[in-house]
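Peer 1: Contents of input_32.tsv (TSV, C-alpha atoms and all ligand atoms):
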```
chain	number	residue	atom	x	y	z
A	812	MET	CA	-48.22	26.67	-0.33
A	813	ASN	CA	-45.16	26.15	1.90
A	814	SER	CA	-43.97	22.66	2.74
A	815	ASN	CA	-45.24	22.80	6.36
A	816	ARG	CA	-48.83	23.56	5.25
A	817	ARG	CA	-48.59	20.88	2.59
A	818	THR	CA	-47.58	18.32	5.25
A	819	VAL	CA	-50.48	19.34	7.54
A	820	LEU	CA	-52.95	19.10	4.65
A	821	ALA	CA	-51.66	15.68	3.61
A	822	ALA	CA	-51.92	14.44	7.21
A	823	ALA	CA	-55.53	15.70	7.45
A	824	CYS	CA	-56.50	13.94	4.23
A	825	LEU	CA	-54.81	10.73	5.34
A	826	ALA	CA	-56.57	10.81	8.73
A	827	ALA	CA	-59.91	11.53	7.03
A	828	PHE	CA	-59.40	8.61	4.68
A	829	ALA	CA	-58.41	6.28	7.56
A	830	PHE	CA	-61.49	7.21	9.65
A	831	ASN	CA	-63.88	7.41	6.69
A	832	VAL	CA	-64.92	11.05	7.37
A	833	PRO	CA	-64.86	14.02	4.99
A	834	ALA	CA	-61.50	15.81	5.11
A	835	PHE	CA	-63.20	19.16	5.71
A	836	ALA	CA	-66.38	18.29	7.62
A	837	ALA	CA	-69.16	20.87	7.04
A	838	LYS	CA	-69.36	23.45	9.81
A	839	PRO	CA	-72.46	22.91	11.98
A	840	LEU	CA	-75.54	24.94	11.14
A	841	VAL	CA	-76.08	27.75	13.66
A	842	ILE	CA	-79.70	28.70	14.39
A	843	GLY	CA	-80.81	31.54	16.65
A	844	PHE	CA	-84.20	30.70	18.13
A	845	SER	CA	-86.35	33.18	20.04
A	846	GLN	CA	-89.04	31.41	22.05
A	847	VAL	CA	-92.22	33.10	23.36
A	848	GLY	CA	-91.64	32.02	26.97
A	849	ALA	CA	-92.65	29.18	29.28
A	850	GLU	CA	-96.30	30.12	29.78
A	851	SER	CA	-97.89	26.71	29.21
A	852	GLU	CA	-97.44	22.93	29.11
A	853	TRP	CA	-97.63	23.27	25.32
A	854	ARG	CA	-94.75	25.76	25.26
A	855	THR	CA	-92.55	23.54	27.43
A	856	ALA	CA	-93.13	20.62	25.03
A	857	ASN	CA	-92.36	22.88	22.07
A	858	THR	CA	-89.06	24.04	23.59
A	859	VAL	CA	-88.01	20.47	24.41
A	860	SER	CA	-88.87	19.35	20.86
A	861	ILE	CA	-86.76	22.12	19.29
A	862	LYS	CA	-83.77	21.62	21.61
A	863	ASP	CA	-83.83	17.82	21.19
A	864	ALA	CA	-84.11	18.01	17.41
A	865	ALA	CA	-81.20	20.48	17.21
A	866	LYS	CA	-79.04	18.20	19.34
A	867	LYS	CA	-79.94	15.14	17.31
A	868	GLU	CA	-79.16	16.95	14.04
A	869	GLY	CA	-75.86	18.41	15.25
A	870	VAL	CA	-77.25	21.95	14.93
A	871	THR	CA	-75.84	24.66	17.20
A	872	LEU	CA	-78.91	26.28	18.75
A	873	LYS	CA	-78.71	29.71	20.34
A	874	PHE	CA	-81.89	29.75	22.42
A	875	ALA	CA	-83.47	32.88	23.93
A	876	ASP	CA	-86.60	32.93	26.14
A	877	ALA	CA	-88.58	36.17	25.62
A	878	GLN	CA	-90.76	35.80	28.72
A	879	GLN	CA	-93.85	36.72	26.71
A	880	LYS	CA	-92.42	40.14	25.75
A	881	GLN	CA	-92.05	41.33	22.17
A	882	GLU	CA	-89.25	43.74	23.09
A	883	ASN	CA	-87.17	40.79	24.34
A	884	GLN	CA	-87.72	38.99	21.04
A	885	VAL	CA	-86.63	42.03	19.06
A	886	LYS	CA	-83.45	42.25	21.19
A	887	ALA	CA	-82.76	38.52	20.72
A	888	ILE	CA	-83.18	38.77	16.94
A	889	ARG	CA	-80.82	41.76	16.80
A	890	SER	CA	-78.27	39.85	18.82
A	891	PHE	CA	-78.56	36.84	16.46
A	892	ILE	CA	-77.95	39.21	13.53
A	893	ALA	CA	-74.87	40.64	15.28
A	894	GLN	CA	-73.59	37.10	15.90
A	895	ARG	CA	-74.05	36.27	12.21
A	896	VAL	CA	-76.03	33.06	12.79
A	897	ASP	CA	-76.92	31.03	9.66
A	898	LEU	CA	-80.68	31.29	10.25
A	899	ILE	CA	-83.11	32.88	12.69
A	900	ALA	CA	-86.28	31.10	13.78
A	901	PHE	CA	-88.84	32.50	16.16
A	902	SER	CA	-92.32	32.08	17.51
A	903	PRO	CA	-93.68	35.65	17.65
A	904	VAL	CA	-95.46	36.66	20.87
A	905	VAL	CA	-97.80	38.96	18.94
A	906	GLU	CA	-98.65	39.32	15.25
A	907	SER	CA	-97.74	42.93	14.49
A	908	GLY	CA	-94.68	45.16	14.85
A	909	TRP	CA	-92.06	42.98	13.12
A	910	ASP	CA	-91.31	44.85	9.88
A	911	THR	CA	-88.25	46.78	11.06
A	912	VAL	CA	-86.33	43.96	12.72
A	913	LEU	CA	-87.14	41.50	9.93
A	914	ARG	CA	-85.87	44.04	7.40
A	915	GLU	CA	-82.63	44.20	9.39
A	916	ALA	CA	-82.30	40.40	9.17
A	917	LYS	CA	-82.98	40.52	5.42
A	918	ALA	CA	-80.38	43.27	4.93
A	919	ALA	CA	-77.87	41.07	6.79
A	920	LYS	CA	-78.85	38.19	4.43
A	921	ILE	CA	-79.94	35.97	7.33
A	922	PRO	CA	-83.06	33.96	6.47
A	923	VAL	CA	-85.95	33.78	8.96
A	924	ILE	CA	-88.39	30.96	9.67
A	925	LEU	CA	-91.57	31.55	11.66
A	926	THR	CA	-92.60	28.67	13.88
A	927	ASP	CA	-95.93	28.18	15.63
A	928	ARG	CA	-97.28	31.75	15.28
A	929	ALA	CA	-97.62	34.06	12.30
A	930	VAL	CA	-96.65	37.70	11.81
A	931	ASN	CA	-98.52	40.45	10.06
A	932	VAL	CA	-95.98	42.10	7.75
A	933	SER	CA	-96.39	44.12	4.56
A	934	ASP	CA	-93.64	42.20	2.75
A	935	PRO	CA	-93.93	38.39	2.86
A	936	SER	CA	-90.36	38.03	1.57
A	937	LEU	CA	-89.22	39.03	5.08
A	938	TYR	CA	-89.52	35.38	6.10
A	939	ALA	CA	-88.79	32.17	4.22
A	940	THR	CA	-91.55	29.96	5.55
A	941	PHE	CA	-94.07	29.58	8.37
A	942	LEU	CA	-94.39	26.22	10.14
A	943	GLY	CA	-97.31	25.77	12.52
A	944	SER	CA	-100.96	25.04	13.17
A	945	ASP	CA	-104.02	26.51	11.50
A	946	PHE	CA	-105.40	28.37	14.52
A	947	VAL	CA	-108.59	29.51	12.76
A	948	GLU	CA	-109.38	25.88	12.00
A	949	GLU	CA	-108.72	24.96	15.65
A	950	GLY	CA	-111.29	27.57	16.70
A	951	ARG	CA	-113.73	26.18	14.14
A	952	ARG	CA	-113.20	22.65	15.46
A	953	ALA	CA	-114.03	23.82	18.99
A	954	GLY	CA	-117.14	25.58	17.64
A	955	ARG	CA	-118.26	22.55	15.63
A	956	TRP	CA	-117.99	20.32	18.70
A	957	LEU	CA	-120.21	22.74	20.61
A	958	LEU	CA	-122.75	23.00	17.77
A	959	GLU	CA	-123.12	19.21	17.85
A	960	ARG	CA	-123.41	19.16	21.63
A	961	ALA	CA	-126.06	21.92	21.52
A	962	LYS	CA	-128.29	19.64	19.44
A	963	LYS	CA	-129.02	17.73	22.68
A	964	THR	CA	-130.85	20.80	24.05
A	965	PRO	CA	-132.29	22.54	20.97
A	966	ASP	CA	-134.51	24.96	22.87
A	967	ALA	CA	-132.10	26.08	25.55
A	968	ALA	CA	-130.09	29.31	25.40
A	969	ILE	CA	-126.40	28.53	25.88
A	970	ASN	CA	-124.26	31.15	27.57
A	971	ILE	CA	-120.56	30.92	26.82
A	972	VAL	CA	-117.63	32.56	28.60
A	973	GLU	CA	-114.37	32.77	26.69
A	974	LEU	CA	-110.81	32.83	28.02
A	975	GLN	CA	-108.70	34.36	25.26
A	976	GLY	CA	-104.97	33.85	24.78
A	977	THR	CA	-102.38	36.64	24.86
A	978	VAL	CA	-103.77	39.90	23.46
A	979	GLY	CA	-102.65	40.45	19.86
A	980	SER	CA	-101.20	36.94	19.45
A	981	ALA	CA	-102.08	34.92	16.36
A	982	PRO	CA	-103.65	32.00	18.29
A	983	ALA	CA	-105.87	34.33	20.34
A	984	LEU	CA	-107.08	36.26	17.30
A	985	ASP	CA	-107.55	33.21	15.09
A	986	ARG	CA	-109.12	30.87	17.65
A	987	LYS	CA	-111.67	33.54	18.46
A	988	LYS	CA	-112.40	34.15	14.79
A	989	GLY	CA	-112.86	30.45	13.92
A	990	PHE	CA	-115.07	29.75	16.94
A	991	ASP	CA	-117.29	32.83	16.42
A	992	GLU	CA	-117.68	32.03	12.73
A	993	VAL	CA	-119.01	28.51	13.45
A	994	ILE	CA	-121.26	29.20	16.44
A	995	ALA	CA	-122.98	32.01	14.50
A	996	ALA	CA	-125.00	29.21	12.88
A	997	ASN	CA	-126.99	28.74	16.10
A	998	PRO	CA	-128.50	31.93	17.58
A	999	LYS	CA	-129.00	30.14	20.93
A	1000	LEU	CA	-125.22	30.19	21.47
A	1001	LYS	CA	-124.02	33.48	22.94
A	1002	VAL	CA	-120.61	34.58	24.21
A	1003	ILE	CA	-121.57	36.61	27.29
A	1004	ARG	CA	-118.03	37.37	28.56
A	1005	SER	CA	-114.65	37.26	26.85
A	1006	GLN	CA	-111.34	38.26	28.37
A	1007	THR	CA	-107.67	37.38	28.12
A	1008	GLY	CA	-106.09	34.86	30.49
A	1009	ASP	CA	-102.69	35.25	28.78
A	1010	PHE	CA	-102.43	31.48	28.13
A	1011	THR	CA	-101.48	30.78	31.79
A	1012	ARG	CA	-103.15	28.67	34.50
A	1013	ALA	CA	-102.93	31.42	37.10
A	1014	LYS	CA	-104.60	34.01	34.86
A	1015	GLY	CA	-107.16	31.48	33.63
A	1016	LYS	CA	-108.22	30.83	37.22
A	1017	GLU	CA	-108.29	34.51	38.13
A	1018	VAL	CA	-110.42	35.55	35.15
A	1019	MET	CA	-112.80	32.59	35.58
A	1020	GLU	CA	-113.31	33.64	39.21
A	1021	ALA	CA	-114.35	37.07	37.96
A	1022	PHE	CA	-116.69	35.52	35.35
A	1023	LEU	CA	-118.30	33.35	38.03
A	1024	LYS	CA	-118.72	36.31	40.35
A	1025	ALA	CA	-120.43	38.33	37.62
A	1026	GLU	CA	-122.53	35.62	35.94
A	1027	GLY	CA	-122.68	32.68	38.42
A	1028	LYS	CA	-125.05	29.90	37.37
A	1029	LYS	CA	-125.87	31.65	34.07
A	1030	ILE	CA	-122.65	30.22	32.62
A	1031	ASN	CA	-123.22	27.03	30.61
A	1032	VAL	CA	-119.97	26.72	28.65
A	1033	LEU	CA	-116.35	27.76	29.02
A	1034	TYR	CA	-114.28	28.06	25.84
A	1035	ALA	CA	-110.59	28.44	26.74
A	1036	HIS	CA	-108.01	29.18	24.03
A	1037	ASN	CA	-105.61	26.72	25.68
A	1038	ASP	CA	-105.58	23.82	28.13
A	1039	ASP	CA	-103.63	25.65	30.82
A	1040	MET	CA	-106.25	28.38	31.16
A	1041	ALA	CA	-108.97	25.70	31.18
A	1042	ILE	CA	-107.19	23.82	33.97
A	1043	GLY	CA	-106.89	27.02	36.02
A	1044	ALA	CA	-110.57	27.78	35.36
A	1045	ILE	CA	-111.61	24.25	36.38
A	1046	GLN	CA	-110.13	24.97	39.80
A	1047	ALA	CA	-112.11	28.21	40.02
A	1048	ILE	CA	-115.33	26.40	39.07
A	1049	GLU	CA	-114.75	23.76	41.76
A	1050	GLU	CA	-113.97	26.41	44.36
A	1051	ALA	CA	-117.28	28.08	43.47
A	1052	GLY	CA	-119.03	24.81	44.38
A	1053	MET	CA	-119.87	23.79	40.81
A	1054	LYS	CA	-118.89	20.74	38.76
A	1055	PRO	CA	-116.64	21.46	35.75
A	1056	GLY	CA	-117.49	19.20	32.82
A	1057	LYS	CA	-121.11	18.88	34.06
A	1058	ASP	CA	-122.55	22.15	35.42
A	1059	ILE	CA	-120.27	24.01	33.04
A	1060	VAL	CA	-119.13	22.35	29.80
A	1061	VAL	CA	-115.39	22.96	29.32
A	1062	ILE	CA	-113.81	23.19	25.85
A	1063	SER	CA	-110.12	23.90	25.29
A	1064	ILE	CA	-107.25	23.69	22.83
A	1065	ASP	CA	-103.79	22.02	22.79
A	1066	GLY	CA	-104.25	18.39	23.87
A	1067	VAL	CA	-101.55	18.33	26.57
A	1068	LYS	CA	-101.37	15.48	29.08
A	1069	GLY	CA	-102.91	17.71	31.77
A	1070	ALA	CA	-106.02	18.09	29.61
A	1071	PHE	CA	-106.29	14.33	29.14
A	1072	GLU	CA	-106.06	13.85	32.92
A	1073	ALA	CA	-108.83	16.43	33.39
A	1074	MET	CA	-110.98	14.65	30.78
A	1075	ILE	CA	-110.42	11.27	32.44
A	1076	ALA	CA	-111.48	12.87	35.75
A	1077	GLY	CA	-114.67	14.10	34.00
A	1078	LYS	CA	-113.78	17.80	34.41
A	1079	LEU	CA	-113.06	18.76	30.80
A	1080	ASN	CA	-115.28	17.81	27.86
A	1081	VAL	CA	-113.06	18.18	24.82
A	1082	THR	CA	-109.62	19.38	23.74
A	1083	VAL	CA	-108.76	20.39	20.19
A	1084	GLU	CA	-105.23	19.30	19.35
A	1085	CYS	CA	-102.45	21.81	18.63
A	1086	ASN	CA	-99.20	19.96	18.04
A	1087	PRO	CA	-96.07	21.52	19.65
A	1088	LEU	CA	-93.60	18.90	18.38
A	1089	LEU	CA	-92.21	21.10	15.62
A	1090	GLY	CA	-88.48	20.51	16.20
A	1091	PRO	CA	-87.70	17.87	13.54
A	1092	GLN	CA	-89.62	19.72	10.79
A	1093	LEU	CA	-87.98	23.00	11.76
A	1094	MET	CA	-84.47	21.52	11.47
A	1095	GLN	CA	-85.26	20.09	8.03
A	1096	LEU	CA	-86.72	23.38	6.78
A	1097	ALA	CA	-83.74	25.28	8.18
A	1098	ARG	CA	-81.28	23.05	6.31
A	1099	ASP	CA	-83.25	23.45	3.08
A	1100	VAL	CA	-83.54	27.22	3.41
A	1101	VAL	CA	-79.83	27.65	4.14
A	1102	ALA	CA	-79.02	25.38	1.18
A	1103	ASN	CA	-81.25	27.59	-1.00
A	1104	LYS	CA	-83.62	24.70	-1.75
A	1105	PRO	CA	-87.24	25.67	-2.46
A	1106	VAL	CA	-89.55	25.29	0.57
A	1107	PRO	CA	-93.33	25.82	0.83
A	1108	LYS	CA	-94.22	29.26	2.17
A	1109	ARG	CA	-96.64	27.63	4.64
A	1110	VAL	CA	-96.33	24.24	6.37
A	1111	VAL	CA	-99.47	23.32	8.32
A	1112	THR	CA	-99.34	20.87	11.21
A	1113	GLN	CA	-101.75	17.89	11.13
A	1114	GLU	CA	-104.05	17.71	14.14
A	1115	SER	CA	-107.27	16.20	15.48
A	1116	VAL	CA	-109.95	16.62	18.16
A	1117	PHE	CA	-110.13	14.57	21.38
A	1118	PRO	CA	-113.47	14.43	23.20
A	1119	ALA	CA	-113.56	13.10	26.80
A	1120	GLU	CA	-115.02	9.77	25.58
A	1121	VAL	CA	-111.69	8.79	23.96
A	1122	ALA	CA	-109.36	10.28	26.59
A	1123	ALA	CA	-108.53	7.13	28.56
A	1124	LYS	CA	-107.80	5.15	25.40
A	1125	GLU	CA	-105.67	7.93	23.85
A	1126	PHE	CA	-103.76	8.94	26.98
A	1127	PRO	CA	-100.99	6.30	26.70
A	1128	ASN	CA	-100.22	7.52	23.13
A	1129	ARG	CA	-99.77	11.15	24.11
A	1130	LYS	CA	-96.23	12.46	23.66
A	1131	TYR	CA	-96.67	15.82	25.37
A	1201	LIG	O1	-99.04	29.44	20.04
A	1201	LIG	C1	-99.52	28.26	20.57
A	1201	LIG	C2	-100.19	28.53	21.87
A	1201	LIG	O2	-99.30	29.18	22.75
A	1201	LIG	C3	-100.67	27.32	22.63
A	1201	LIG	O3	-101.97	26.97	22.35
A	1201	LIG	C4	-100.60	27.82	24.02
A	1201	LIG	O4	-100.76	26.83	24.99
A	1201	LIG	C5	-99.31	28.51	23.98
A	1201	LIG	O5	-98.95	29.19	25.06
```
Let me see the file written as structure tokens.
Ligand code: AHR

Peer 2:
Amino acid sequence: MNSNRRTVLAAACLAAFAFNVPAFAAKPLVIGFSQVGAESEWRTANTVSIKDAAKKEGVTLKFADAQQKQENQVKAIRSFIAQRVDLIAFSPVVESGWDTVLREAKAAKIPVILTDRAVNVSDPSLYATFLGSDFVEEGRRAGRWLLERAKKTPDAAINIVELQGTVGSAPALDRKKGFDEVIAANPKLKVIRSQTGDFTRAKGKEVMEAFLKAEGKKINVLYAHNDDMAIGAIQAIEEAGMKPGKDIVVISIDGVKGAFEAMIAGKLNVTVECNPLLGPQLMQLARDVVANKPVPKRVVTQESVFPAEVAAKEFPNRKY
């Protein structure tokens, strides 16, 4: 080492000692995150949680919004690989079609964490861990609430219309599966129409209008795979001259503030919680994965169910 470099090194060590910081502070962790989009109140809260947690933890976050398109997510992941980020995290729009790009990440030795939604891949070593809700259980919780409610009218046939989430997405597939599985216990409960509303308010309203046109007063229950679609549908029900929450029982999933407001107004009967505040857990998992520490393959978010009766009391505690 020449004398100039030695002097610079000595000065750095001296400064570090004087200010009580490590002489060679660790370089910040760089995470590439590909988000589904901004389709719902839930998604907005999820994005804020991830950005805030990264900032708080001193993580450099490269954030890409896929606008609900898988091809945009594939492009974003390839660009993160090219930029040599430390870790890639993403919430997959749909479940299938990820093998190739995840193999590319593995070949580049960049670990991947799934957040919120799962993928369907042949090789589970293509991702390190999956952090998110149990969507099948959320569907079951919605179904169980309805089974209980149906006990009030044991002889009546109950016609259900269903607003599904994005076609091929894990929450749409799983919430349908869990709900169907539970309501099968009561033959009086029948899903008479089921269509996607793509997790958005606008689509939820549009599809509910079509359901109302086709089935009118035959509809007893609406099961929406998220709150935003339920809120859009509530508008459609009101415009059709009916009372949401009374003429048509409304069940949804997420537990966003908008759903609590609708419950307090008597227009929504129950929301099953799906927690979007995944940022802090994601940052911790990312640090552990990059440091080669063992992490569980699956981290399930803890959630509950909020019927309209508890909405006013719970509303002040809601964080999203
Ligand atoms: O993947 C979670 C789901 O995606 C939420 O329930 C929904 O609101 C969002 O768009």

Peer 1: For the atom pair CA of Val1121 (chain A) and CA of Glu949 (chain A), what is the interatomic distance in Å to one decimal place?

Peer 2: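 Distance between the two atoms: 18.4 Å.
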
Peer 1: Of the residues A:Asp876, A:Glu1072, A:Asp1099, A:Asp1038, which is the one nearest to Ala1119 (chain A), using all atoms listed in the file?

Peer 2: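 Looking only at the distances to Ala1119 (chain A), the closest residue turns out to be A:Glu1072.
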
Peer 1: Name the residues, using the chain letters and numbers of the file, that sit within 10 Å of (-79.1, 40.8, 10.5) when counting all atoms listed in the file, and give them as a ChimeraX atom specification.

Peer 2: /A:888-896,898-899,912-923

Peer 1: Grab the CA of Arg1004 (chain A) to CA of Lys962 (chain A) distance for me, in Å with one decimal place.

Peer 2: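 One can read the CA of Arg1004 (chain A) to CA of Lys962 (chain A) distance as 22.4 Å.
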
Peer 1: Please, which residues in chain A fall within 8 Å of ligand LIG 1201 (chain A) when counting only C-alpha atoms and all ligand atoms, and what is the closest atom pair and distance in Å to one decimal for each, ordered by chain then residue number, as CSV?

Peer 2:
```
residue,atom,partner,partner_atom,distance
A:Val847,CA,A:LIG1201,O5,8.0
A:Ala849,CA,A:LIG1201,O5,7.6
A:Glu850,CA,A:LIG1201,O5,5.5
A:Ser851,CA,A:LIG1201,O5,4.9
A:Glu852,CA,A:LIG1201,O4,6.6
A:Trp853,CA,A:LIG1201,O4,4.8
A:Arg854,CA,A:LIG1201,O5,5.4
A:Ser902,CA,A:LIG1201,O1,7.7
A:Asp927,CA,A:LIG1201,O1,5.5
A:Arg928,CA,A:LIG1201,O1,5.6
A:Gly976,CA,A:LIG1201,C4,7.5
A:Ser980,CA,A:LIG1201,O1,7.8
A:Ala981,CA,A:LIG1201,O1,7.3
A:Pro982,CA,A:LIG1201,O1,5.6
A:Phe1010,CA,A:LIG1201,O5,5.2
A:Thr1011,CA,A:LIG1201,O5,7.4
A:His1036,CA,A:LIG1201,O3,6.6
A:Asn1037,CA,A:LIG1201,O4,4.9
A:Asp1038,CA,A:LIG1201,O4,6.5
A:Asp1039,CA,A:LIG1201,O4,6.6
A:Ile1064,CA,A:LIG1201,O3,6.2
A:Asp1065,CA,A:LIG1201,O3,5.3
A:Cys1085,CA,A:LIG1201,O3,6.4
A:Pro1087,CA,A:LIG1201,C1,7.6
```

Peer 1: Tell me, as a list in words, which residues lie within 9 Å of Gly979 (chain A), counting all atoms listed in the file; anything in the same chain fewer than 3 positions away does not count.

Peer 2: Val904, Val905, Glu906, Ser907, Gly976, Pro982, Ala983 and Leu984 of chain A

Peer 1: Excluding same-chain residues fewer than 4 positions from region 1109-1117 of chain A, what lies within 6 Å of it counting only C-alpha atoms, as a compact mmCIF listing (two decimals) with C-alpha atoms, in the coordinates of the input?

Peer 2:
```txt
# COMPACT_ATOMS: atom_id res chain seq x y z
CA THR A 940 -91.55 29.96 5.55
CA PHE A 941 -94.07 29.58 8.37
CA LEU A 942 -94.39 26.22 10.14
CA GLY A 943 -97.31 25.77 12.52
CA SER A 944 -100.96 25.04 13.17
CA VAL A 1081 -113.06 18.18 24.82
CA THR A 1082 -109.62 19.38 23.74
CA VAL A 1083 -108.76 20.39 20.19
CA GLU A 1084 -105.23 19.30 19.35
```

Peer 1: Using only C-alpha atoms, pick whichever of A:Ile924, A:Ala1097, A:Leu840, A:Leu1000 has the shortest atom-to-atom distance to Ala967 (chain A).

Peer 2: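 Using only C-alpha atoms, Ala967 (chain A) sits closest to A:Leu1000.
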
Peer 1: Which one is closest to Asn931 (chain A): A:Glu959, A:Gly869, A:Phe990, A:Asp910? Count all atoms listed in the file.

Peer 2: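 Looking only at the distances to Asn931 (chain A), the closest residue turns out to be A:Asp910.
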
Peer 1: Figure out the distance between CA of Glu948 (chain A) and CA of Gln879 (chain A), please, to one decimal in Å.

Peer 2: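 So the answer is 24.0 Å.
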
Peer 1: Considering only C-alpha atoms, can you say which of A:Thr1007, A:Asn1103, A:Thr911, A:Gln846 comes closest to Leu974 (chain A)?

Peer 2: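 Using only C-alpha atoms, Leu974 (chain A) sits closest to A:Thr1007.
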
Peer 1: Check the smallest atom-to-atom distance from each of A:Val870, A:Met1074, A:Val947, A:Lys838 to Lys1124 (chain A) using all atoms listed in the file, then report the winner.

Peer 2: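 Closest to Lys1124 (chain A) of all the choices is A:Met1074.
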
Peer 1: Tell me which protein, DNA and RNA residues are within 12 Å of region 1017-1020 of chain A, counting only C-alpha atoms, leaving out same-chain ones fewer than 2 positions away, and put them as a PyMOL selection string.

Peer 2: chain A and resi 971-976+1004-1015+1022-1027+1030+1032-1035+1040-1053+1055+1059+1061

Peer 1: Given all atoms listed in the file as the basis, pick out the residue of A:Glu1125, A:Gly1090, A:Gln881, A:Ala1102 nearest to Lys862 (chain A).

Peer 2: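 The shortest atom-to-atom distance to Lys862 (chain A) comes from A:Gly1090.
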
Peer 1: Would you pick out the contacts of Phe1126 (chain A) at 12 Å or less, using only C-alpha atoms, so that residues sharing its chain but fewer than 6 positions from it are not included, and give the list as a list in words?

Peer 2: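 Residues near the query, excluding close chain neighbours: Gly1066, Val1067, Lys1068, Gly1069, Ala1070, Phe1071, Glu1072, Ala1073, Met1074, Ile1075, Phe1117, Pro1118, Ala1119 and Glu1120 of chain A.
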
Peer 1: Leu958 (chain A): which residues within 9 Å, counting only C-alpha atoms, same-chain residues fewer than 2 positions away excluded, as a list in words?

Peer 2: Ala953, Gly954, Arg955, Trp956, Arg960, Ala961, Lys962, Val993, Ile994, Ala996, Asn997 and Leu1000 of chain A

Peer 1: Kindly save the residues from that selection, with C-alpha atoms included, as a PDB file, in the coordinates of the input.

Peer 2:
```pdb
ATOM      1  CA  ALA A 953    -114.030  23.820  18.990  1.00  0.00           C
ATOM      2  CA  GLY A 954    -117.140  25.580  17.640  1.00  0.00           C
ATOM      3  CA  ARG A 955    -118.260  22.550  15.630  1.00  0.00           C
ATOM      4  CA  TRP A 956    -117.990  20.320  18.700  1.00  0.00           C
ATOM      5  CA  ARG A 960    -123.410  19.160  21.630  1.00  0.00           C
ATOM      6  CA  ALA A 961    -126.060  21.920  21.520  1.00  0.00           C
ATOM      7  CA  LYS A 962    -128.290  19.640  19.440  1.00  0.00           C
ATOM      8  CA  VAL A 993    -119.010  28.510  13.450  1.00  0.00           C
ATOM      9  CA  ILE A 994    -121.260  29.200  16.440  1.00  0.00           C
ATOM     10  CA  ALA A 996    -125.000  29.210  12.880  1.00  0.00           C
ATOM     11  CA  ASN A 997    -126.990  28.740  16.100  1.00  0.00           C
ATOM     12  CA  LEU A1000    -125.220  30.190  21.470  1.00  0.00           C
TER      13      LEU A1000
END
```
